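This is my_file_24.pdb. It holds PDB, C-alpha atoms and all ligand atoms.
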```pdb
MODEL        1
ATOM      1  CA  MET I   1       0.000   0.000   0.000
ATOM      2  CA  SER I   2       1.223   3.499  -0.833
ATOM      3  CA  LEU I   3       2.417   5.783   1.955
ATOM      4  CA  TYR I   4       0.909   8.750   0.111
ATOM      5  CA  ASP I   5      -2.353   9.777   1.742
ATOM      6  CA  GLN I   6      -3.744  12.485  -0.502
ATOM      7  CA  ALA I   7      -6.669  13.304   1.810
ATOM      8  CA  HIS I   8      -4.363  13.796   4.798
ATOM      9  CA  ILE I   9      -2.080  16.200   2.925
ATOM     10  CA  ARG I  10      -5.020  18.116   1.443
ATOM     11  CA  ASN I  11      -6.645  18.462   4.873
ATOM     12  CA  PHE I  12      -3.332  19.439   6.455
ATOM     13  CA  TYR I  13      -2.929  22.329   4.006
ATOM     14  CA  ASN I  14      -6.598  23.269   4.147
ATOM     15  CA  GLU I  15      -6.268  23.667   7.902
ATOM     16  CA  TYR I  16      -2.808  25.223   7.728
ATOM     17  CA  ALA I  17      -4.395  28.009   5.657
ATOM     18  CA  GLU I  18      -2.838  31.464   6.228
ATOM     19  CA  ARG I  19       0.051  30.075   8.268
ATOM     20  CA  GLU I  20       1.493  28.934   4.933
ATOM     21  CA  THR I  21       1.622  32.554   3.726
ATOM     22  CA  ALA I  22       3.669  33.593   6.755
ATOM     23  CA  ARG I  23       6.251  30.836   6.261
ATOM     24  CA  TRP I  24       8.846  32.928   4.452
ATOM     25  CA  ASP I  25       8.562  35.906   6.828
ATOM     26  CA  LYS I  26       9.380  33.966  10.001
ATOM     27  CA  SER I  27      13.032  35.038  10.144
ATOM     28  CA  ILE I  28      15.887  36.496   8.175
ATOM     29  CA  ILE I  29      17.049  32.937   7.501
ATOM     30  CA  GLU I  30      13.783  32.182   5.705
ATOM     31  CA  GLN I  31      14.392  35.351   3.675
ATOM     32  CA  VAL I  32      17.782  33.973   2.636
ATOM     33  CA  LYS I  33      16.116  30.715   1.557
ATOM     34  CA  LEU I  34      13.577  32.711  -0.414
ATOM     35  CA  HIS I  35      16.392  34.575  -2.157
ATOM     36  CA  VAL I  36      18.067  31.307  -3.177
ATOM     37  CA  HIS I  37      14.798  29.912  -4.600
ATOM     38  CA  GLN I  38      14.040  33.150  -6.449
ATOM     39  CA  HIS I  39      17.565  33.381  -7.844
ATOM     40  CA  TYR I  40      17.017  30.305 -10.017
ATOM     41  CA  LEU I  41      13.710  31.591 -11.336
ATOM     42  CA  HIS I  42      15.266  34.934 -12.299
ATOM     43  CA  GLN I  43      18.218  33.117 -13.849
ATOM     44  CA  HIS I  44      16.139  30.934 -16.164
ATOM     45  CA  LEU I  45      12.675  32.423 -16.766
ATOM     46  CA  LYS I  46      12.051  34.274 -20.012
ATOM     47  CA  GLN I  47       9.386  36.800 -20.885
ATOM     48  CA  LYS I  48       6.229  35.141 -22.253
ATOM     49  CA  ASP I  49       7.182  31.647 -21.074
ATOM     50  CA  SER I  50       4.209  29.354 -20.587
ATOM     51  CA  ILE I  51       4.473  28.350 -16.928
ATOM     52  CA  LEU I  52       2.728  25.766 -14.766
ATOM     53  CA  GLU I  53       3.062  26.261 -11.010
ATOM     54  CA  LEU I  54       2.456  23.140  -8.910
ATOM     55  CA  GLY I  55       1.752  23.201  -5.175
ATOM     56  CA  ALA I  56       1.647  26.983  -5.431
ATOM     57  CA  GLY I  57       0.246  27.482  -1.933
ATOM     58  CA  SER I  58      -0.821  31.003  -1.190
ATOM     59  CA  GLY I  59       1.468  32.412  -3.859
ATOM     60  CA  VAL I  60       4.855  33.662  -2.713
ATOM     61  CA  PHE I  61       6.337  32.521  -6.029
ATOM     62  CA  THR I  62       3.201  33.145  -8.081
ATOM     63  CA  GLU I  63       3.675  36.889  -7.882
ATOM     64  CA  LEU I  64       7.267  36.621  -9.156
ATOM     65  CA  LEU I  65       6.137  34.381 -12.040
ATOM     66  CA  THR I  66       3.650  37.034 -13.185
ATOM     67  CA  GLN I  67       6.594  39.400 -13.752
ATOM     68  CA  TYR I  68       7.581  37.127 -16.633
ATOM     69  CA  THR I  69       4.325  36.006 -18.138
ATOM     70  CA  SER I  70       0.576  36.156 -18.261
ATOM     71  CA  ASN I  71       0.599  32.622 -19.632
ATOM     72  CA  LEU I  72       0.603  31.203 -16.117
ATOM     73  CA  THR I  73      -1.449  28.327 -14.717
ATOM     74  CA  VAL I  74      -1.492  28.101 -10.931
ATOM     75  CA  THR I  75      -2.363  24.799  -9.234
ATOM     76  CA  ASP I  76      -2.486  23.199  -5.815
ATOM     77  CA  LEU I  77      -3.911  20.102  -4.150
ATOM     78  CA  SER I  78      -5.634  22.176  -1.483
ATOM     79  CA  PRO I  79      -8.720  24.230  -2.397
ATOM     80  CA  VAL I  80      -8.060  26.509   0.597
ATOM     81  CA  GLN I  81      -4.518  27.280  -0.570
ATOM     82  CA  LEU I  82      -5.780  27.910  -4.095
ATOM     83  CA  LYS I  83      -8.430  30.293  -2.765
ATOM     84  CA  LEU I  84      -5.789  32.151  -0.714
ATOM     85  CA  ASN I  85      -3.614  32.326  -3.829
ATOM     86  CA  LYS I  86      -6.449  33.937  -5.776
ATOM     87  CA  GLU I  87      -7.266  36.380  -2.976
ATOM     88  CA  LYS I  88      -3.624  37.493  -2.714
ATOM     89  CA  ALA I  89      -3.423  37.958  -6.490
ATOM     90  CA  ASN I  90      -6.524  40.141  -6.398
ATOM     91  CA  LYS I  91      -5.358  42.119  -3.361
ATOM     92  CA  ASP I  92      -1.862  42.726  -4.759
ATOM     93  CA  ASN I  93      -3.138  43.439  -8.244
ATOM     94  CA  TYR I  94      -1.614  40.729 -10.392
ATOM     95  CA  ALA I  95      -4.651  38.457 -10.876
ATOM     96  CA  HIS I  96      -5.009  39.683 -14.474
ATOM     97  CA  ARG I  97      -1.590  38.072 -15.218
ATOM     98  CA  ILE I  98      -2.843  34.596 -14.255
ATOM     99  CA  LYS I  99      -4.495  32.590 -17.015
ATOM    100  CA  ASN I 100      -6.032  29.935 -14.839
ATOM    101  CA  TRP I 101      -6.235  28.469 -11.301
ATOM    102  CA  ALA I 102      -6.854  24.730 -11.050
ATOM    103  CA  LEU I 103      -6.866  21.990  -8.450
ATOM    104  CA  ALA I 104      -4.235  19.398  -9.327
ATOM    105  CA  ASP I 105      -2.194  16.676  -7.685
ATOM    106  CA  ILE I 106       1.346  16.478  -9.065
ATOM    107  CA  CYS I 107       0.771  12.743  -9.539
ATOM    108  CA  ASP I 108      -2.141  13.397 -11.899
ATOM    109  CA  LEU I 109      -1.696  16.292 -14.286
ATOM    110  CA  SER I 110      -4.121  14.744 -16.792
ATOM    111  CA  LYS I 111      -5.902  18.085 -17.249
ATOM    112  CA  PHE I 112      -2.739  19.289 -19.020
ATOM    113  CA  LYS I 113      -1.593  18.099 -22.430
ATOM    114  CA  ASN I 114       1.817  16.617 -23.235
ATOM    115  CA  ASN I 115       4.554  19.131 -24.120
ATOM    116  CA  SER I 116       2.566  22.208 -23.137
ATOM    117  CA  PHE I 117       4.754  24.301 -20.773
ATOM    118  CA  ASP I 118       8.147  25.999 -21.146
ATOM    119  CA  LYS I 119       8.641  25.907 -17.373
ATOM    120  CA  VAL I 120       7.174  23.957 -14.448
ATOM    121  CA  VAL I 121       7.715  25.372 -10.961
ATOM    122  CA  CYS I 122       7.271  22.889  -8.124
ATOM    123  CA  TYR I 123       8.812  24.639  -5.130
ATOM    124  CA  GLY I 124       8.148  24.054  -1.435
ATOM    125  CA  GLY I 125       8.064  20.269  -1.374
ATOM    126  CA  PRO I 126       5.001  18.876  -3.197
ATOM    127  CA  LEU I 127       7.199  15.971  -4.302
ATOM    128  CA  SER I 128       8.051  15.293  -0.649
ATOM    129  CA  TYR I 129       4.370  14.794   0.159
ATOM    130  CA  VAL I 130       3.766  11.986  -2.311
ATOM    131  CA  PHE I 131       6.306   9.553  -0.786
ATOM    132  CA  ASP I 132       6.576   6.413  -2.963
ATOM    133  CA  GLN I 133       4.596   8.120  -5.753
ATOM    134  CA  LYS I 134       7.511  10.490  -6.417
ATOM    135  CA  ILE I 135       8.464   8.874  -9.755
ATOM    136  CA  LYS I 136       4.863   9.208 -10.918
ATOM    137  CA  GLY I 137       4.958  12.919  -9.984
ATOM    138  CA  LEU I 138       8.277  13.493 -11.762
ATOM    139  CA  THR I 139       7.041  11.604 -14.831
ATOM    140  CA  GLU I 140       3.961  13.825 -14.986
ATOM    141  CA  ILE I 141       6.121  16.960 -14.706
ATOM    142  CA  LYS I 142       8.269  15.708 -17.571
ATOM    143  CA  ARG I 143       5.237  14.806 -19.677
ATOM    144  CA  VAL I 144       3.697  18.298 -19.545
ATOM    145  CA  LEU I 145       7.016  20.075 -20.198
ATOM    146  CA  LYS I 146       7.951  20.987 -23.758
ATOM    147  CA  PRO I 147      11.196  19.424 -25.056
ATOM    148  CA  ASN I 148      14.097  21.427 -23.597
ATOM    149  CA  GLY I 149      11.686  22.886 -21.023
ATOM    150  CA  LEU I 150      12.862  23.385 -17.449
ATOM    151  CA  ALA I 151      11.450  22.292 -14.108
ATOM    152  CA  PHE I 152      12.301  23.892 -10.756
ATOM    153  CA  ILE I 153      11.884  21.292  -8.045
ATOM    154  CA  GLY I 154      12.172  21.875  -4.308
ATOM    155  CA  VAL I 155      12.072  18.989  -1.824
ATOM    156  CA  MET I 156      12.706  18.579   1.883
ATOM    157  CA  ASN I 157      16.258  17.514   2.731
ATOM    158  CA  LEU I 158      17.136  14.928   5.394
ATOM    159  CA  TRP I 159      20.571  16.013   6.643
ATOM    160  CA  GLY I 160      19.757  19.685   6.177
ATOM    161  CA  THR I 161      16.750  19.323   8.461
ATOM    162  CA  VAL I 162      18.953  17.721  11.116
ATOM    163  CA  ASN I 163      21.472  20.521  10.593
ATOM    164  CA  GLU I 164      18.896  23.267  11.125
ATOM    165  CA  TYR I 165      16.771  21.642  13.846
ATOM    166  CA  LEU I 166      19.403  19.665  15.763
ATOM    167  CA  ASN I 167      18.235  20.707  19.240
ATOM    168  CA  LYS I 168      14.566  20.243  18.443
ATOM    169  CA  ILE I 169      15.352  16.756  17.193
ATOM    170  CA  ILE I 170      18.021  15.376  19.473
ATOM    171  CA  LEU I 171      16.731  16.608  22.838
ATOM    172  CA  PRO I 172      13.024  15.645  22.763
ATOM    173  CA  VAL I 173      13.011  12.747  20.266
ATOM    174  CA  PRO I 174      14.215   9.325  21.502
ATOM    175  CA  LYS I 175      17.140   7.940  19.523
ATOM    176  CA  SER I 176      15.178   4.845  18.433
ATOM    177  CA  ASP I 177      12.410   7.030  16.932
ATOM    178  CA  ASN I 178      14.859   9.356  15.279
ATOM    179  CA  GLU I 179      16.767   6.458  13.766
ATOM    180  CA  LYS I 180      13.566   5.285  12.036
ATOM    181  CA  VAL I 181      13.301   8.698  10.422
ATOM    182  CA  MET I 182      16.973   8.703   9.469
ATOM    183  CA  ALA I 183      16.656   5.235   7.909
ATOM    184  CA  THR I 184      13.600   6.054   5.780
ATOM    185  CA  GLY I 185      13.649   9.851   5.426
ATOM    186  CA  ASN I 186       9.975   9.667   6.293
ATOM    187  CA  LEU I 187       8.007  11.764   8.742
ATOM    188  CA  HIS I 188       5.049   9.433   8.472
ATOM    189  CA  PRO I 189       2.975   7.365  10.925
ATOM    190  CA  SER I 190       4.708   4.213   9.658
ATOM    191  CA  SER I 191       8.029   5.466  11.043
ATOM    192  CA  PHE I 192       7.270   8.399  13.355
ATOM    193  CA  THR I 193       3.986   9.136  15.072
ATOM    194  CA  ALA I 194       4.763  12.447  16.770
ATOM    195  CA  SER I 195       4.220  14.722  13.786
ATOM    196  CA  ASP I 196       1.077  15.561  11.884
ATOM    197  CA  HIS I 197       3.257  16.985   9.119
ATOM    198  CA  HIS I 198       3.864  13.941   6.940
ATOM    199  CA  CYS I 199       6.634  14.257   4.367
ATOM    200  CA  HIS I 200       9.603  12.516   2.840
ATOM    201  CA  MET I 201      13.029  14.106   3.277
ATOM    202  CA  PHE I 202      15.381  13.340   0.391
ATOM    203  CA  THR I 203      19.123  12.945   0.331
ATOM    204  CA  ALA I 204      20.865  14.640  -2.593
ATOM    205  CA  GLU I 205      21.933  11.276  -3.987
ATOM    206  CA  GLU I 206      18.375   9.968  -3.878
ATOM    207  CA  LEU I 207      16.990  13.027  -5.646
ATOM    208  CA  LYS I 208      19.686  12.843  -8.328
ATOM    209  CA  ASN I 209      18.934   9.117  -8.882
ATOM    210  CA  ASP I 210      15.197   9.779  -9.170
ATOM    211  CA  LEU I 211      15.709  12.597 -11.671
ATOM    212  CA  GLU I 212      17.999  10.395 -13.716
ATOM    213  CA  LYS I 213      15.515   7.504 -13.613
ATOM    214  CA  VAL I 214      12.856   9.724 -15.155
ATOM    215  CA  GLY I 215      15.315  10.921 -17.823
ATOM    216  CA  PHE I 216      15.773  14.526 -16.792
ATOM    217  CA  ARG I 217      19.045  16.359 -17.419
ATOM    218  CA  LEU I 218      20.215  17.880 -14.127
ATOM    219  CA  LEU I 219      21.400  21.464 -14.632
ATOM    220  CA  THR I 220      21.821  22.546 -11.017
ATOM    221  CA  ILE I 221      21.421  21.074  -7.562
ATOM    222  CA  SER I 222      21.535  23.472  -4.648
ATOM    223  CA  ALA I 223      20.799  23.666  -0.953
ATOM    224  CA  SER I 224      18.088  26.132   0.087
ATOM    225  CA  ASN I 225      20.626  27.679   2.435
ATOM    226  CA  CYS I 226      23.960  26.825   3.907
ATOM    227  CA  LEU I 227      26.105  29.563   5.473
ATOM    228  CA  SER I 228      23.011  31.053   7.094
ATOM    229  CA  VAL I 229      21.887  27.872   8.886
ATOM    230  CA  SER I 230      21.530  28.593  12.643
ATOM    231  CA  ARG I 231      23.288  31.953  12.290
ATOM    232  CA  GLN I 232      20.377  34.323  12.757
ATOM    233  CA  LYS I 233      22.293  36.976  14.725
ATOM    234  CA  GLU I 234      25.294  36.975  12.389
ATOM    235  CA  VAL I 235      23.051  37.229   9.331
ATOM    236  CA  GLU I 236      21.078  40.092  10.893
ATOM    237  CA  ALA I 237      24.357  41.945  11.523
ATOM    238  CA  ILE I 238      25.429  41.493   7.900
ATOM    239  CA  ARG I 239      22.043  42.833   6.768
ATOM    240  CA  ASN I 240      22.965  46.264   8.178
ATOM    241  CA  SER I 241      25.420  46.887   5.334
ATOM    242  CA  ARG I 242      24.092  46.746   1.790
ATOM    243  CA  GLU I 243      27.488  45.946   0.356
ATOM    244  CA  LYS I 244      28.194  43.128   2.844
ATOM    245  CA  TRP I 245      24.656  41.788   2.395
ATOM    246  CA  GLU I 246      25.045  41.507  -1.363
ATOM    247  CA  TYR I 247      28.397  39.793  -0.951
ATOM    248  CA  PHE I 248      26.954  37.434   1.651
ATOM    249  CA  LEU I 249      24.080  36.441  -0.661
ATOM    250  CA  ASP I 250      26.556  35.763  -3.445
ATOM    251  CA  LEU I 251      28.662  33.575  -1.137
ATOM    252  CA  GLU I 252      25.518  31.818   0.088
ATOM    253  CA  LEU I 253      24.461  30.938  -3.472
ATOM    254  CA  ARG I 254      27.905  29.551  -4.255
ATOM    255  CA  ALA I 255      28.153  27.609  -0.985
ATOM    256  CA  CYS I 256      24.689  26.090  -1.562
ATOM    257  CA  GLN I 257      25.916  24.593  -4.836
ATOM    258  CA  SER I 258      29.220  23.271  -3.578
ATOM    259  CA  THR I 259      29.366  19.479  -3.433
ATOM    260  CA  GLY I 260      30.219  19.355   0.261
ATOM    261  CA  MET I 261      27.455  21.747   1.302
ATOM    262  CA  VAL I 262      24.512  20.784  -0.872
ATOM    263  CA  GLU I 263      22.818  18.942   1.997
ATOM    264  CA  SER I 264      23.178  21.811   4.483
ATOM    265  CA  GLY I 265      19.718  23.366   4.237
ATOM    266  CA  THR I 266      16.160  22.298   4.959
ATOM    267  CA  HIS I 267      15.411  21.981   1.243
ATOM    268  CA  LEU I 268      17.144  20.811  -1.917
ATOM    269  CA  ILE I 269      16.518  22.667  -5.156
ATOM    270  CA  ALA I 270      17.002  20.963  -8.512
ATOM    271  CA  ILE I 271      16.783  22.651 -11.895
ATOM    272  CA  VAL I 272      16.227  20.025 -14.568
ATOM    273  CA  GLN I 273      15.673  19.961 -18.300
ATOM    274  CA  LYS I 274      13.500  17.680 -20.393
ATOM    275  CA  LYS I 275      15.739  16.206 -23.043
ATOM    276  CA  ARG I 276      14.651  16.678 -26.636
ATOM    277  CA  ASN I 277      13.816  12.984 -27.113
TER     278      ASN I 277
HETATM  279  C1  LIG L 301       4.995  24.146   1.813
HETATM  280  S1  LIG L 301       3.726  24.588   0.697
HETATM  281  C2  LIG L 301       4.625  25.417  -0.596
HETATM  282  C3  LIG L 301       3.886  26.558  -1.231
HETATM  283  C4  LIG L 301       4.745  27.362  -2.223
HETATM  284  N1  LIG L 301       5.085  26.578  -3.392
HETATM  285  C5  LIG L 301       6.006  27.840  -1.546
HETATM  286  O1  LIG L 301       7.068  27.227  -1.779
HETATM  287  O2  LIG L 301       5.933  28.780  -0.742
HETATM  288  C6  LIG L 301       3.334  23.072  -0.085
HETATM  289  C7  LIG L 301       2.138  23.179  -1.002
HETATM  290  O3  LIG L 301       2.096  21.992  -1.796
HETATM  291  C8  LIG L 301       0.762  21.552  -1.859
HETATM  292  N2  LIG L 301       0.797  20.109  -2.122
HETATM  293  C9  LIG L 301       1.106  19.112  -1.262
HETATM  294  N3  LIG L 301       1.054  17.932  -1.884
HETATM  295  C10 LIG L 301       0.708  18.171  -3.165
HETATM  296  C11 LIG L 301       0.472  17.345  -4.287
HETATM  297  N4  LIG L 301       0.550  16.024  -4.225
HETATM  298  N5  LIG L 301       0.124  17.933  -5.457
HETATM  299  C12 LIG L 301       0.009  19.278  -5.538
HETATM  300  N6  LIG L 301       0.202  20.113  -4.507
HETATM  301  C13 LIG L 301       0.554  19.560  -3.319
HETATM  302  C14 LIG L 301       0.149  21.936  -0.529
HETATM  303  O4  LIG L 301      -1.262  21.998  -0.576
HETATM  304  C15 LIG L 301       0.816  23.282  -0.263
HETATM  305  O5  LIG L 301       0.065  24.355  -0.749
ENDMDL
END
```

Could you write out this file's structure as structure tokens?
Amino acid sequence: MSLYDQAHIRNFYNEYAERETARWDKSIIEQVKLHVHQHYLHQHLKQKDSILELGAGSGVFTELLTQYTSNLTVTDLSPVQLKLNKEKANKDNYAHRIKNWALADICDLSKFKNNSFDKVVCYGGPLSYVFDQKIKGLTEIKRVLKPNGLAFIGVMNLWGTVNEYLNKIILPVPKSDNEKVMATGNLHPSSFTASDHHCHMFTAEELKNDLEKVGFRLLTISASNCLSVSRQKEVEAIRNSREKWEYFLDLELRACQSTGMVESGTHLIAIVQKKRN
């Protein structure tokens, strides 16, 4: 039986509601992570691209995507998140740049034709929520992309989560429970009962293998953050100087891509291309 419980994830995000919107504003470290995610969009998106956003949530990335195109389809599994996405677009005046909002599970994109998007953006971990259905999700992403099209994929990272939340993990969680999570990468009732947030945390090697299995060309793999992990005060101090801040962000982007550091942050980001045939 599959570990992916669609109803649980949908309900989780329906109930999570506005808290999802606040996710990126929690601290300066989240702002650094946001910068890293956005960097890759700015690097690769082109004006007038046709873009499909998956697991869009309340729309932190949606707004950025509308700077590039009005050929944008915004989707999510959760009707509440999709409604919040629409409300934000109306409030912040970019709704006219969105072609369509639709409910969709990344494992079933059957409402979209083969080869129909230049770019697919799947940031914030939708692939982590589908557990053993991840290859199905990746195959669907590849199917709807045009040849040479790019996908931006963000998943939760196992060692990076330990790196960022060491005290929250090692002090309250018994070793035997934690070892089940480390062995499977799964926050799921089958391995760990203490969290209602079910997700799979990837290693970089696992993600690379999965992308290869589906036939994607890997252009970039990056951590969501690295130098900034657990350094809130230091990062706040750097923020006081514009020049130092810009240099820090540049170093952070480079560190996130370095082989030894790619598993430092809570998320892994992969930019992949659909090969021509
Ligand atoms: C952590 S939020 C990320 C939102 C936004 N992309 C961001 O990065 O800020 C995860 C989103 O993925 C959606 N989601 C979870 N599983 C999904 C699935 N199987 N298919 C599509 N969306 C999914 C959730 O409803 C939620 O809105």

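When only C-alpha atoms are used to measure the gap to Ser78 (chain I), the shortest distance among I:Ser258, I:Gln43, I:Ser191, I:Asn11 belongs to I:Asn11.
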
Contact residues around region 92-103 of chain I with all atoms listed in the file at 10 Å, ignoring same-chain residues under 4 positions, as a PDB file with C-alpha atoms, in the frame of the given file:
```pdb
ATOM      1  CA  SER I  50       4.209  29.354 -20.587  1.00  0.00           C
ATOM      2  CA  ILE I  51       4.473  28.350 -16.928  1.00  0.00           C
ATOM      3  CA  LEU I  52       2.728  25.766 -14.766  1.00  0.00           C
ATOM      4  CA  GLU I  53       3.062  26.261 -11.010  1.00  0.00           C
ATOM      5  CA  LEU I  54       2.456  23.140  -8.910  1.00  0.00           C
ATOM      6  CA  GLY I  55       1.752  23.201  -5.175  1.00  0.00           C
ATOM      7  CA  ALA I  56       1.647  26.983  -5.431  1.00  0.00           C
ATOM      8  CA  THR I  62       3.201  33.145  -8.081  1.00  0.00           C
ATOM      9  CA  GLU I  63       3.675  36.889  -7.882  1.00  0.00           C
ATOM     10  CA  LEU I  64       7.267  36.621  -9.156  1.00  0.00           C
ATOM     11  CA  LEU I  65       6.137  34.381 -12.040  1.00  0.00           C
ATOM     12  CA  THR I  66       3.650  37.034 -13.185  1.00  0.00           C
ATOM     13  CA  GLN I  67       6.594  39.400 -13.752  1.00  0.00           C
ATOM     14  CA  TYR I  68       7.581  37.127 -16.633  1.00  0.00           C
ATOM     15  CA  THR I  69       4.325  36.006 -18.138  1.00  0.00           C
ATOM     16  CA  SER I  70       0.576  36.156 -18.261  1.00  0.00           C
ATOM     17  CA  ASN I  71       0.599  32.622 -19.632  1.00  0.00           C
ATOM     18  CA  LEU I  72       0.603  31.203 -16.117  1.00  0.00           C
ATOM     19  CA  THR I  73      -1.449  28.327 -14.717  1.00  0.00           C
ATOM     20  CA  VAL I  74      -1.492  28.101 -10.931  1.00  0.00           C
ATOM     21  CA  THR I  75      -2.363  24.799  -9.234  1.00  0.00           C
ATOM     22  CA  ASP I  76      -2.486  23.199  -5.815  1.00  0.00           C
ATOM     23  CA  LEU I  77      -3.911  20.102  -4.150  1.00  0.00           C
ATOM     24  CA  SER I  78      -5.634  22.176  -1.483  1.00  0.00           C
ATOM     25  CA  PRO I  79      -8.720  24.230  -2.397  1.00  0.00           C
ATOM     26  CA  GLN I  81      -4.518  27.280  -0.570  1.00  0.00           C
ATOM     27  CA  LEU I  82      -5.780  27.910  -4.095  1.00  0.00           C
ATOM     28  CA  LYS I  83      -8.430  30.293  -2.765  1.00  0.00           C
ATOM     29  CA  ASN I  85      -3.614  32.326  -3.829  1.00  0.00           C
ATOM     30  CA  LYS I  86      -6.449  33.937  -5.776  1.00  0.00           C
ATOM     31  CA  GLU I  87      -7.266  36.380  -2.976  1.00  0.00           C
ATOM     32  CA  LYS I  88      -3.624  37.493  -2.714  1.00  0.00           C
ATOM     33  CA  LEU I 109      -1.696  16.292 -14.286  1.00  0.00           C
ATOM     34  CA  LYS I 111      -5.902  18.085 -17.249  1.00  0.00           C
TER      35      LYS I 111
END
```

Contacts with ligand LIG 301 (chain L) at most 7 Å, all atoms listed in the file counted, listed as a list in words: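 Protein and nucleic-acid residues within 7 Å of ligand LIG 301 (chain L): Gln6, Ile9, Arg10, Tyr13, Glu20, Leu54, Gly55, Ala56, Gly57, Ser58, Gly59, Val60, Phe61, Asp76, Leu77, Ser78, Gln81, Ala104, Asp105, Ile106, Cys107, Cys122, Tyr123, Gly124, Gly125, Pro126, Leu127, Tyr129 and Val130 of chain I.
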
Kindly resolve the PyMOL selection byres (((chain I and resi 136) around 12) and not hetatm) on the present coordinates and return the residues as a PyMOL selection string. chain I and resi 4+105-109+127+130-135+137-143+210-211+213-214

Box in all listed atoms of region 59-66 of chain I, axis-aligned, with 4 Å more on each side; write out centre and edge lengths in Å to one decimal as JSON.
```
{"center_x": 4.4, "center_y": 34.7, "center_z": -7.9, "size_x": 13.8, "size_y": 12.6, "size_z": 18.5}
```
